[in-house]
$ cat final12.txt   # compact mmCIF, C-alpha atoms and all ligand atoms
# COMPACT_ATOMS: atom_id res chain seq x y z
CA MET A 969 17.37 -13.90 -12.38
CA SER A 970 15.99 -17.41 -12.18
CA ALA A 971 12.51 -17.83 -13.63
CA ALA A 972 11.81 -20.65 -11.23
CA GLY A 973 11.74 -20.65 -7.48
CA LYS A 974 9.07 -20.33 -4.88
CA LEU A 975 7.46 -17.07 -3.78
CA ALA A 976 5.38 -16.24 -0.72
CA ILE A 977 3.61 -13.65 1.37
CA ILE A 978 4.86 -13.60 4.96
CA GLY A 979 2.50 -12.41 7.70
CA TRP A 980 0.77 -13.34 10.95
CA PRO A 981 -2.03 -14.06 10.31
CA VAL A 982 -1.67 -14.33 6.55
CA ALA A 983 -4.59 -16.47 5.32
CA GLN A 984 -6.61 -13.30 4.57
CA SER A 985 -4.02 -12.02 2.08
CA ARG A 986 -5.03 -11.64 -1.58
CA SER A 987 -1.40 -11.67 -2.72
CA PRO A 988 -1.42 -15.42 -3.61
CA LEU A 989 -4.44 -14.86 -5.87
CA ILE A 990 -2.75 -11.95 -7.64
CA HIS A 991 0.73 -13.42 -8.07
CA ASN A 992 -0.48 -16.89 -9.04
CA HIS A 993 -2.57 -15.25 -11.77
CA TRP A 994 0.62 -13.77 -13.21
CA LEU A 995 2.68 -16.93 -12.75
CA VAL A 996 0.07 -19.00 -14.56
CA ALA A 997 -0.13 -16.37 -17.34
CA ARG A 998 3.64 -16.79 -17.82
CA GLY A 999 3.26 -20.55 -18.03
CA GLU A 1000 4.89 -21.10 -14.67
CA GLU A 1001 3.40 -23.40 -12.11
CA ALA A 1002 1.63 -21.50 -9.35
CA VAL A 1003 4.20 -21.35 -6.56
CA TYR A 1004 3.23 -18.26 -4.57
CA GLN A 1005 1.96 -19.26 -1.16
CA ALA A 1006 0.87 -17.83 2.18
CA TYR A 1007 3.70 -18.27 4.67
CA PRO A 1008 2.91 -17.55 8.33
CA ILE A 1009 5.80 -16.58 10.60
CA ASP A 1010 5.03 -16.31 14.30
CA PRO A 1011 6.22 -12.93 15.67
CA GLN A 1012 7.75 -14.89 18.58
CA ASP A 1013 10.14 -16.67 16.19
CA ASP A 1014 13.57 -15.39 15.14
CA PHE A 1015 12.64 -13.58 11.92
CA ARG A 1016 16.05 -13.65 10.21
CA GLN A 1017 16.38 -17.35 10.93
CA ALA A 1018 12.94 -17.94 9.44
CA LEU A 1019 14.04 -16.07 6.28
CA GLN A 1020 17.24 -18.11 6.06
CA HIS A 1021 15.14 -21.24 6.27
CA MET A 1022 12.99 -19.96 3.39
CA ALA A 1023 16.05 -19.28 1.23
CA ALA A 1024 17.41 -22.75 1.98
CA SER A 1025 14.13 -24.36 1.00
CA GLY A 1026 13.91 -22.86 -2.48
CA PHE A 1027 12.20 -19.48 -2.05
CA VAL A 1028 13.55 -16.73 -4.31
CA GLY A 1029 11.34 -13.96 -3.00
CA ALA A 1030 8.64 -12.94 -0.57
CA ASN A 1031 6.24 -10.16 0.16
CA VAL A 1032 5.94 -9.07 3.76
CA THR A 1033 2.78 -7.88 5.47
CA ALA A 1034 1.72 -7.03 9.03
CA PRO A 1035 3.21 -7.34 11.56
CA HIS A 1036 6.59 -8.07 9.97
CA LYS A 1037 7.51 -5.10 7.73
CA GLU A 1038 9.80 -3.53 10.35
CA ALA A 1039 11.30 -6.90 11.34
CA ALA A 1040 12.08 -7.49 7.66
CA PHE A 1041 13.77 -4.09 7.49
CA SER A 1042 16.09 -5.13 10.33
CA ALA A 1043 16.68 -8.67 9.06
CA VAL A 1044 17.76 -8.15 5.44
CA ASP A 1045 21.35 -7.55 4.23
CA VAL A 1046 20.67 -4.83 1.65
CA LEU A 1047 17.91 -2.17 1.44
CA SER A 1048 16.40 -0.23 -1.46
CA ALA A 1049 16.19 3.55 -1.08
CA ALA A 1050 12.43 3.42 -0.43
CA ALA A 1051 12.79 0.73 2.23
CA GLN A 1052 15.58 2.74 3.83
CA THR A 1053 13.40 5.88 3.95
CA LEU A 1054 10.42 4.05 5.41
CA GLY A 1055 12.16 1.72 7.83
CA ALA A 1056 9.92 -1.00 6.43
CA VAL A 1057 10.25 -3.76 3.81
CA ASN A 1058 7.36 -5.28 1.85
CA THR A 1059 9.42 -7.21 -0.73
CA ILE A 1060 12.41 -9.51 -0.16
CA SER A 1061 14.56 -11.20 -2.79
CA PHE A 1062 16.89 -14.01 -1.90
CA GLN A 1063 19.82 -13.45 -4.29
CA ASN A 1064 23.16 -15.26 -4.22
CA GLY A 1065 23.07 -15.83 -0.48
CA GLN A 1066 21.93 -12.27 0.27
CA MET A 1067 18.55 -10.96 1.36
CA VAL A 1068 17.59 -7.76 -0.43
CA GLY A 1069 14.72 -5.66 0.98
CA ALA A 1070 12.57 -3.25 -1.03
CA ASN A 1071 9.33 -1.39 -0.47
CA THR A 1072 6.83 -1.05 -3.33
CA ASP A 1073 3.87 0.31 -1.30
CA GLY A 1074 4.45 3.99 -2.05
CA ALA A 1075 5.30 3.55 -5.73
CA GLY A 1076 2.28 1.24 -6.05
CA PHE A 1077 0.08 3.95 -4.58
CA VAL A 1078 1.38 6.58 -6.99
CA ALA A 1079 0.92 4.21 -9.95
CA SER A 1080 -2.69 3.60 -8.92
CA LEU A 1081 -3.33 7.37 -8.79
CA ASP A 1082 -1.79 7.89 -12.23
CA GLU A 1083 -4.00 5.14 -13.61
CA ALA A 1084 -7.14 6.73 -12.12
CA ALA A 1085 -6.17 10.33 -12.93
CA GLN A 1086 -5.83 9.79 -16.70
CA GLY A 1087 -3.58 12.77 -17.23
CA THR A 1088 -5.07 15.27 -14.78
CA GLY A 1089 -2.30 17.05 -12.95
CA TRP A 1090 -2.75 15.87 -9.38
CA ARG A 1091 0.98 16.19 -8.72
CA ALA A 1092 0.88 19.97 -9.23
CA ARG A 1093 -1.79 20.51 -6.58
CA PRO A 1094 -1.70 20.20 -2.79
CA ALA A 1095 -2.43 16.75 -1.31
CA LEU A 1096 -4.26 16.02 1.94
CA VAL A 1097 -3.39 12.83 3.83
CA LEU A 1098 -5.72 11.62 6.59
CA GLY A 1099 -4.00 9.45 9.21
CA ALA A 1100 -0.44 8.89 10.36
CA GLY A 1101 0.12 5.13 10.64
CA GLY A 1102 2.40 2.87 8.62
CA ALA A 1103 0.39 3.32 5.42
CA ALA A 1104 0.52 7.11 5.76
CA ARG A 1105 4.31 6.90 6.10
CA ALA A 1106 4.67 5.14 2.76
CA ILE A 1107 2.20 7.50 1.09
CA VAL A 1108 3.71 10.75 2.37
CA ALA A 1109 7.19 9.65 1.26
CA ALA A 1110 5.85 8.57 -2.13
CA LEU A 1111 3.98 11.84 -2.69
CA ASP A 1112 7.13 13.78 -1.84
CA HIS A 1113 9.12 11.56 -4.20
CA ALA A 1114 6.46 12.10 -6.91
CA GLY A 1115 7.03 15.85 -6.75
CA VAL A 1116 4.06 17.03 -4.67
CA THR A 1117 5.41 20.09 -2.88
CA ASP A 1118 2.39 20.96 -0.72
CA ILE A 1119 1.55 17.96 1.49
CA ARG A 1120 -0.92 18.44 4.32
CA LEU A 1121 -1.67 15.86 7.00
CA VAL A 1122 -4.33 15.54 9.69
CA ASN A 1123 -4.44 12.89 12.38
CA ARG A 1124 -6.31 12.25 15.62
CA THR A 1125 -3.04 12.02 17.54
CA ARG A 1126 -0.83 14.97 16.73
CA ALA A 1127 2.40 13.43 18.03
CA LYS A 1128 2.08 10.55 15.54
CA ALA A 1129 1.61 13.05 12.72
CA GLU A 1130 4.67 14.99 13.79
CA ALA A 1131 6.75 11.84 13.76
CA LEU A 1132 6.19 11.78 9.98
CA SER A 1133 7.29 15.34 9.33
CA GLY A 1134 10.80 14.33 8.22
CA LEU A 1135 9.40 12.40 5.26
CA ALA A 1136 8.42 15.49 3.28
CA GLU A 1137 9.79 18.99 3.20
CA ASN A 1138 7.48 21.60 4.77
CA MET A 1139 4.62 19.20 5.49
CA GLN A 1140 1.76 21.04 7.14
CA ILE A 1141 0.21 19.21 10.10
CA GLU A 1142 -3.14 20.10 11.65
CA ASP A 1143 -5.79 18.63 13.91
CA TRP A 1144 -8.77 16.79 12.52
CA HIS A 1145 -11.17 19.73 12.85
CA ALA A 1146 -9.04 21.70 10.38
CA CYS A 1147 -9.96 19.31 7.53
CA PRO A 1148 -12.13 21.75 5.54
CA ASP A 1149 -9.36 24.39 5.56
CA MET A 1150 -6.67 21.84 4.78
CA ALA A 1151 -8.69 20.47 1.85
CA ASP A 1152 -8.69 23.86 0.13
CA GLY A 1153 -7.58 23.46 -3.50
CA CYS A 1154 -6.28 19.91 -3.02
CA GLY A 1155 -6.01 17.66 -6.08
CA LEU A 1156 -5.82 14.59 -3.88
CA MET A 1157 -7.27 13.50 -0.57
CA VAL A 1158 -6.34 10.06 0.74
CA ASN A 1159 -7.71 8.23 3.75
CA THR A 1160 -5.08 6.02 5.38
CA THR A 1161 -6.90 5.63 8.70
CA SER A 1162 -8.71 2.44 9.61
CA LEU A 1163 -12.05 4.29 9.56
CA GLY A 1164 -14.28 2.82 6.85
CA MET A 1165 -12.76 -0.67 6.99
CA VAL A 1166 -15.03 -3.64 7.62
CA GLY A 1167 -15.88 -3.66 11.33
CA LYS A 1168 -14.84 -0.02 11.88
CA PRO A 1169 -16.99 3.13 11.91
CA PRO A 1170 -17.20 5.00 8.59
CA LEU A 1171 -15.06 8.05 7.94
CA ALA A 1172 -17.68 10.80 7.92
CA LEU A 1173 -16.34 14.12 6.69
CA PRO A 1174 -18.34 17.35 6.52
CA GLU A 1175 -19.54 18.33 3.05
CA ALA A 1176 -17.36 21.42 3.32
CA VAL A 1177 -14.31 19.18 2.86
CA PHE A 1178 -15.50 17.90 -0.53
CA ALA A 1179 -16.54 21.41 -1.55
CA ALA A 1180 -13.07 22.74 -0.70
CA LEU A 1181 -11.21 20.19 -2.87
CA SER A 1182 -10.29 21.05 -6.42
CA PRO A 1183 -13.27 20.01 -8.64
CA GLU A 1184 -11.36 17.19 -10.40
CA ALA A 1185 -9.69 15.96 -7.20
CA LEU A 1186 -8.91 12.31 -6.65
CA VAL A 1187 -10.34 10.98 -3.39
CA CYS A 1188 -8.67 7.75 -2.41
CA ASP A 1189 -9.45 5.16 0.22
CA ILE A 1190 -6.65 2.63 0.50
CA VAL A 1191 -8.83 -0.02 2.15
CA TYR A 1192 -10.18 -2.79 -0.08
CA ALA A 1193 -12.56 -4.43 2.37
CA PRO A 1194 -15.04 -3.01 1.59
CA LEU A 1195 -14.11 -1.74 -1.87
CA GLU A 1196 -16.80 0.91 -1.99
CA THR A 1197 -16.55 2.89 1.25
CA PRO A 1198 -18.90 5.66 2.42
CA LEU A 1199 -16.02 8.10 1.80
CA LEU A 1200 -15.79 7.10 -1.87
CA GLN A 1201 -19.56 7.29 -2.24
CA ALA A 1202 -19.60 10.80 -0.77
CA ALA A 1203 -16.67 11.86 -2.95
CA ARG A 1204 -18.32 10.60 -6.14
CA ALA A 1205 -21.61 12.24 -5.17
CA ALA A 1206 -19.70 15.52 -4.88
CA GLY A 1207 -18.30 15.04 -8.41
CA HIS A 1208 -14.77 13.90 -7.51
CA VAL A 1209 -12.90 10.86 -8.82
CA GLY A 1210 -13.07 8.01 -6.30
CA VAL A 1211 -10.03 5.72 -6.18
CA ASP A 1212 -10.48 2.48 -4.25
CA GLY A 1213 -7.78 0.38 -2.61
CA LEU A 1214 -7.64 -2.21 -5.37
CA GLY A 1215 -5.24 -0.16 -7.49
CA MET A 1216 -2.62 0.19 -4.77
CA LEU A 1217 -2.91 -3.51 -3.92
CA LEU A 1218 -2.40 -4.51 -7.56
CA HIS A 1219 0.33 -2.01 -8.42
CA GLN A 1220 2.49 -2.71 -5.36
CA ALA A 1221 2.16 -6.40 -6.25
CA ALA A 1222 3.16 -5.78 -9.89
CA LEU A 1223 6.26 -3.87 -8.77
CA SER A 1224 7.24 -6.73 -6.43
CA PHE A 1225 6.75 -9.27 -9.21
CA GLU A 1226 9.00 -7.18 -11.46
CA ILE A 1227 11.74 -7.27 -8.81
CA TRP A 1228 11.66 -11.08 -8.72
CA ARG A 1229 10.97 -11.97 -12.34
CA GLY A 1230 12.41 -8.99 -14.22
CA THR A 1231 9.24 -8.00 -16.09
CA ARG A 1232 6.24 -5.96 -14.96
CA PRO A 1233 3.11 -8.13 -15.22
CA GLN A 1234 -0.11 -6.85 -16.75
CA ILE A 1235 -2.97 -5.82 -14.53
CA ASP A 1236 -5.71 -7.15 -16.77
CA THR A 1237 -9.48 -7.18 -16.46
CA ALA A 1238 -9.55 -10.90 -15.70
CA LEU A 1239 -7.34 -10.33 -12.65
CA ARG A 1240 -9.39 -7.37 -11.45
CA ASP A 1241 -12.62 -9.36 -11.87
CA LYS A 1242 -11.17 -12.33 -9.99
CA LEU A 1243 -10.05 -10.09 -7.15
CA ILE A 1244 -13.33 -8.18 -6.96
CA ALA A 1245 -15.27 -11.48 -6.91
CA ASP A 1246 -13.05 -12.72 -4.09
CA LEU A 1247 -13.40 -9.51 -2.09
CA THR A 1248 -17.14 -9.20 -2.50
CA GLN A 1249 -17.72 -12.85 -1.68
CA GLU A 1250 -16.34 -12.18 1.81
CA GLY A 1251 -17.52 -8.61 2.19
P1 LIG B 1 -1.56 1.32 9.38
O1 LIG B 1 -0.18 0.87 9.75
O2 LIG B 1 -2.35 0.29 8.62
O3 LIG B 1 -1.58 2.64 8.70
P2 LIG B 1 -2.07 2.16 12.10
O4 LIG B 1 -0.62 2.38 12.29
O5 LIG B 1 -2.80 1.39 13.15
O6 LIG B 1 -2.39 1.42 10.74
O7 LIG B 1 -2.76 3.58 11.89
C1 LIG B 1 -4.10 3.73 11.94
C2 LIG B 1 -4.49 5.18 11.63
O8 LIG B 1 -5.91 5.28 11.78
C3 LIG B 1 -3.88 6.20 12.60
O9 LIG B 1 -3.69 7.42 11.92
C4 LIG B 1 -5.00 6.34 13.63
O10 LIG B 1 -4.99 7.56 14.32
P3 LIG B 1 -4.11 7.73 15.67
O11 LIG B 1 -2.70 7.99 15.22
O12 LIG B 1 -4.71 8.87 16.36
O13 LIG B 1 -4.24 6.43 16.43
C5 LIG B 1 -6.21 6.30 12.73
N1 LIG B 1 -7.44 5.96 13.47
C6 LIG B 1 -7.79 4.75 13.93
N2 LIG B 1 -8.99 4.80 14.54
C7 LIG B 1 -9.41 6.11 14.46
C8 LIG B 1 -10.56 6.84 14.90
N3 LIG B 1 -11.56 6.23 15.54
N4 LIG B 1 -10.63 8.17 14.61
C9 LIG B 1 -9.63 8.80 13.95
N5 LIG B 1 -8.51 8.17 13.52
C10 LIG B 1 -8.39 6.85 13.76

$ encode --input "final12.txt" --output "structure tokens"
Amino acid sequence: MSAAGKLAIIGWPVAQSRSPLIHNHWLVARGEEAVYQAYPIDPQDDFRQALQHMAASGFVGANVTAPHKEAAFSAVDVLSAAAQTLGAVNTISFQNGQMVGANTDGAGFVASLDEAAQGTGWRARPALVLGAGGAARAIVAALDHAGVTDIRLVNRTRAKAEALSGLAENMQIEDWHACPDMADGCGLMVNTTSLGMVGKPPLALPEAVFAALSPEALVCDIVYAPLETPLLQAARAAGHVGVDGLGMLLHQAALSFEIWRGTRPQIDTALRDKLIADLTQEG
């Protein structure tokens, strides 16, 4: 694989993305010139044509964010297994005239849990997923792939939850009010809803939910604006391990970088500090 060539994050809008900060940190660390840029594509435009234009103008890879992950799935020539399962692509490589689509969101999530868990056996315990949007899709599939056999999911709209049931064998789906029961013995609870994001109401769960979790449970909020959500504060106050959205953001990025450049970049303290400074400056 060529060590040169431009990289980008495709989205609409895309200026808010932290991916250029992350990937340019790694490119500079490798002695490459920073060539990862924000690349807006209007959803009205022909997406495949826009990708062909990128390939012709020297791009070797791109990340894809909202609202284009499904369009990217349909536009590429070849799909990784994860992208195939999810019907969504977050990483494209332009290789020998072909567009190859992958999805590193789920594996990035699992890597961030492993980093936070430090050897505790979250995989062997039940996992509770809150929400049933695109992020929940990637997470449910990744948990199933990681060997979690008891996956439970609650969502405001039941039909959307049921649409995810094919992603994991025997997934248990319940309404929101069943949270305390569903949390029983869980080694992981993850919020994938938009509640708790900047500008949205907080996700307020009854204390009974935290009490029902396994004592060393990981409680994860995948949002990173803000980094410290009321959910994480409540989880830490109850003695659980809070996992913020920074880990998933960094690990999915590292896995994309590895696809393009062939080596997994280091997630070092300098990068984390840079990212936290950037996020808190706006938050
Ligand atoms: P993403 O693709 O980022 O996961 P999404 O597809 O818009 O985002 O999904 C948002 C999730 O947040 C959904 O699970 C949504 O619940 P519904 O399926 O019922 O819409 C959840 N959500 C958003 N606002 C909510 C609220 N006020 N209360 C409960 N759940 C909410």

$ residues_near_ligand --input "final12.txt" --ligand "ligand LIG 1 (chain B)" --cutoff "10 Å" --atoms "only C-alpha atoms and all ligand atoms" --output "short mmCIF file (atom, residue, chain, number, x, y, z; two decimals) with C-alpha atoms, in the frame of the given file"
data_model
loop_
_atom_site.label_atom_id
_atom_site.label_comp_id
_atom_site.auth_asym_id
_atom_site.auth_seq_id
_atom_site.Cartn_x
_atom_site.Cartn_y
_atom_site.Cartn_z
CA ALA A 1034 1.72 -7.03 9.03
CA PRO A 1035 3.21 -7.34 11.56
CA LYS A 1037 7.51 -5.10 7.73
CA VAL A 1097 -3.39 12.83 3.83
CA LEU A 1098 -5.72 11.62 6.59
CA GLY A 1099 -4.00 9.45 9.21
CA ALA A 1100 -0.44 8.89 10.36
CA GLY A 1101 0.12 5.13 10.64
CA GLY A 1102 2.40 2.87 8.62
CA ALA A 1103 0.39 3.32 5.42
CA ALA A 1104 0.52 7.11 5.76
CA ARG A 1105 4.31 6.90 6.10
CA ALA A 1106 4.67 5.14 2.76
CA ILE A 1107 2.20 7.50 1.09
CA LEU A 1121 -1.67 15.86 7.00
CA VAL A 1122 -4.33 15.54 9.69
CA ASN A 1123 -4.44 12.89 12.38
CA ARG A 1124 -6.31 12.25 15.62
CA THR A 1125 -3.04 12.02 17.54
CA ARG A 1126 -0.83 14.97 16.73
CA ALA A 1127 2.40 13.43 18.03
CA LYS A 1128 2.08 10.55 15.54
CA ALA A 1129 1.61 13.05 12.72
CA TRP A 1144 -8.77 16.79 12.52
CA ASN A 1159 -7.71 8.23 3.75
CA THR A 1160 -5.08 6.02 5.38
CA THR A 1161 -6.90 5.63 8.70
CA SER A 1162 -8.71 2.44 9.61
CA LEU A 1163 -12.05 4.29 9.56
CA GLY A 1164 -14.28 2.82 6.85
CA LYS A 1168 -14.84 -0.02 11.88
CA PRO A 1169 -16.99 3.13 11.91
CA PRO A 1170 -17.20 5.00 8.59
CA LEU A 1171 -15.06 8.05 7.94
CA ILE A 1190 -6.65 2.63 0.50
CA VAL A 1191 -8.83 -0.02 2.15
#

$ atom_distance --input "final12.txt" --atom1 "atom CA of A:Leu1247" --atom2 "atom CA of A:Ala1084"
20.1 Å

$ atom_distance --input "final12.txt" --atom1 "atom CA of A:Asp1246" --atom2 "atom CA of A:Arg986"
8.5 Å

$ axis_aligned_box --input "final12.txt" --around "stretch 1041-1051 of chain A" --padding-each-side "3 Å" --output "AutoDock Vina command-line options"
--center_x 16.9 --center_y -2.6 --center_z 4.4 --size_x 14.9 --size_y 18.2 --size_z 17.8

$ atom_distance --input "final12.txt" --atom1 "atom CA of A:Ser1224" --atom2 "atom CA of A:Gly1076"
9.4 Å

$ closest_residue --input "final12.txt" --among "A:Gln1020, A:Gln1066, A:Asn1071, A:Ser1080" --to "A:Glu1038" --atoms "all atoms listed in the file"
A:Asn1071

$ closest_residue --input "final12.txt" --among "A:Phe1225, A:Trp994, A:Trp1090, A:Phe1178" --to "A:Asn1031" --atoms "only C-alpha atoms"
A:Phe1225

$ closest_residue --input "final12.txt" --among "A:Met1067, A:Leu1199, A:Leu975, A:Ala1085" --to "A:Glu1175" --atoms "only C-alpha atoms"
A:Leu1199

$ residues_around --input "final12.txt" --residues "A:Met1150" --least-positions-apart "5" --cutoff "12 Å" --atoms "only C-alpha atoms" --output "PyMOL selection string"
chain A and resi 1094-1098+1118-1123+1139-1145+1155-1157+1176-1182

$ closest_residue --input "final12.txt" --among "A:Ala1109, A:Ile1244, A:Ile977, A:Val1057" --to "A:Pro1194" --atoms "all atoms listed in the file"
A:Ile1244

$ residues_near_point --input "final12.txt" --point "(2.3, -9.0, 13.7)" --cutoff "9 Å" --atoms "only C-alpha atoms" --output "list in words"
Gly979, Trp980, Pro981, Ile1009, Asp1010, Pro1011, Thr1033, Ala1034, Pro1035, His1036 and Lys1037 of chain A

$ residues_around --input "final12.txt" --residues "A:Gln1249" --least-positions-apart "6" --cutoff "12 Å" --atoms "only C-alpha atoms" --output "list of chain:residue names"
A:Ala1193, A:Pro1194, A:Leu1195, A:Asp1241, A:Lys1242, A:Leu1243

$ write_last_selection --input "final12.txt" --atoms "C-alpha atoms" --output "tab-separated table (two decimals), keeping the file's coordinate frame"
chain	number	residue	atom	x	y	z
A	1193	ALA	CA	-12.56	-4.43	2.37
A	1194	PRO	CA	-15.04	-3.01	1.59
A	1195	LEU	CA	-14.11	-1.74	-1.87
A	1241	ASP	CA	-12.62	-9.36	-11.87
A	1242	LYS	CA	-11.17	-12.33	-9.99
A	1243	LEU	CA	-10.05	-10.09	-7.15

$ residues_around --input "final12.txt" --residues "A:Leu1223" --least-positions-apart "6" --cutoff "9 Å" --atoms "only C-alpha atoms" --output "VMD selection string"
chain A and resid 1072 to 1073 1075 to 1076 1231 to 1233

$ build_atoms --input "final12.txt" --residues "stretch 1179-1196 of chain A" --atoms "N, CA and C atoms" --output "short mmCIF file (atom, residue, chain, number, x, y, z; two decimals), in the frame of the given file"
data_model
loop_
_atom_site.label_atom_id
_atom_site.label_comp_id
_atom_site.auth_asym_id
_atom_site.auth_seq_id
_atom_site.Cartn_x
_atom_site.Cartn_y
_atom_site.Cartn_z
N ALA A 1179 -16.36 20.15 -0.81
CA ALA A 1179 -16.54 21.41 -1.55
C ALA A 1179 -15.22 22.17 -1.67
N ALA A 1180 -14.34 21.99 -0.70
CA ALA A 1180 -13.07 22.74 -0.70
C ALA A 1180 -12.04 22.15 -1.66
N LEU A 1181 -12.17 20.85 -1.96
CA LEU A 1181 -11.21 20.19 -2.87
C LEU A 1181 -11.31 20.79 -4.26
N SER A 1182 -10.24 20.67 -5.02
CA SER A 1182 -10.29 21.05 -6.42
C SER A 1182 -11.36 20.19 -7.10
N PRO A 1183 -12.12 20.75 -8.07
CA PRO A 1183 -13.27 20.01 -8.64
C PRO A 1183 -12.90 18.63 -9.20
N GLU A 1184 -11.71 18.50 -9.80
CA GLU A 1184 -11.36 17.19 -10.40
C GLU A 1184 -10.47 16.36 -9.46
N ALA A 1185 -10.57 16.65 -8.16
CA ALA A 1185 -9.69 15.96 -7.20
C ALA A 1185 -9.92 14.45 -7.18
N LEU A 1186 -8.83 13.74 -6.90
CA LEU A 1186 -8.91 12.31 -6.65
C LEU A 1186 -9.15 12.12 -5.15
N VAL A 1187 -10.12 11.31 -4.80
CA VAL A 1187 -10.34 10.98 -3.39
C VAL A 1187 -10.11 9.48 -3.25
N CYS A 1188 -9.13 9.13 -2.44
CA CYS A 1188 -8.67 7.75 -2.41
C CYS A 1188 -8.83 7.14 -1.03
N ASP A 1189 -9.36 5.94 -1.01
CA ASP A 1189 -9.45 5.16 0.22
C ASP A 1189 -8.58 3.94 -0.01
N ILE A 1190 -7.57 3.73 0.81
CA ILE A 1190 -6.65 2.63 0.50
C ILE A 1190 -7.15 1.28 1.00
N VAL A 1191 -8.28 1.27 1.70
CA VAL A 1191 -8.83 -0.02 2.15
C VAL A 1191 -9.45 -0.73 0.94
N TYR A 1192 -9.48 -2.06 0.99
CA TYR A 1192 -10.18 -2.79 -0.08
C TYR A 1192 -11.22 -3.76 0.48
N ALA A 1193 -11.47 -3.67 1.78
CA ALA A 1193 -12.56 -4.43 2.37
C ALA A 1193 -13.31 -3.52 3.34
N PRO A 1194 -14.38 -2.85 2.89
CA PRO A 1194 -15.04 -3.01 1.59
C PRO A 1194 -14.35 -2.18 0.50
N LEU A 1195 -14.68 -2.50 -0.75
CA LEU A 1195 -14.11 -1.74 -1.87
C LEU A 1195 -14.76 -0.36 -1.98
N GLU A 1196 -16.08 -0.36 -1.83
CA GLU A 1196 -16.80 0.91 -1.99
C GLU A 1196 -17.14 1.44 -0.60
#
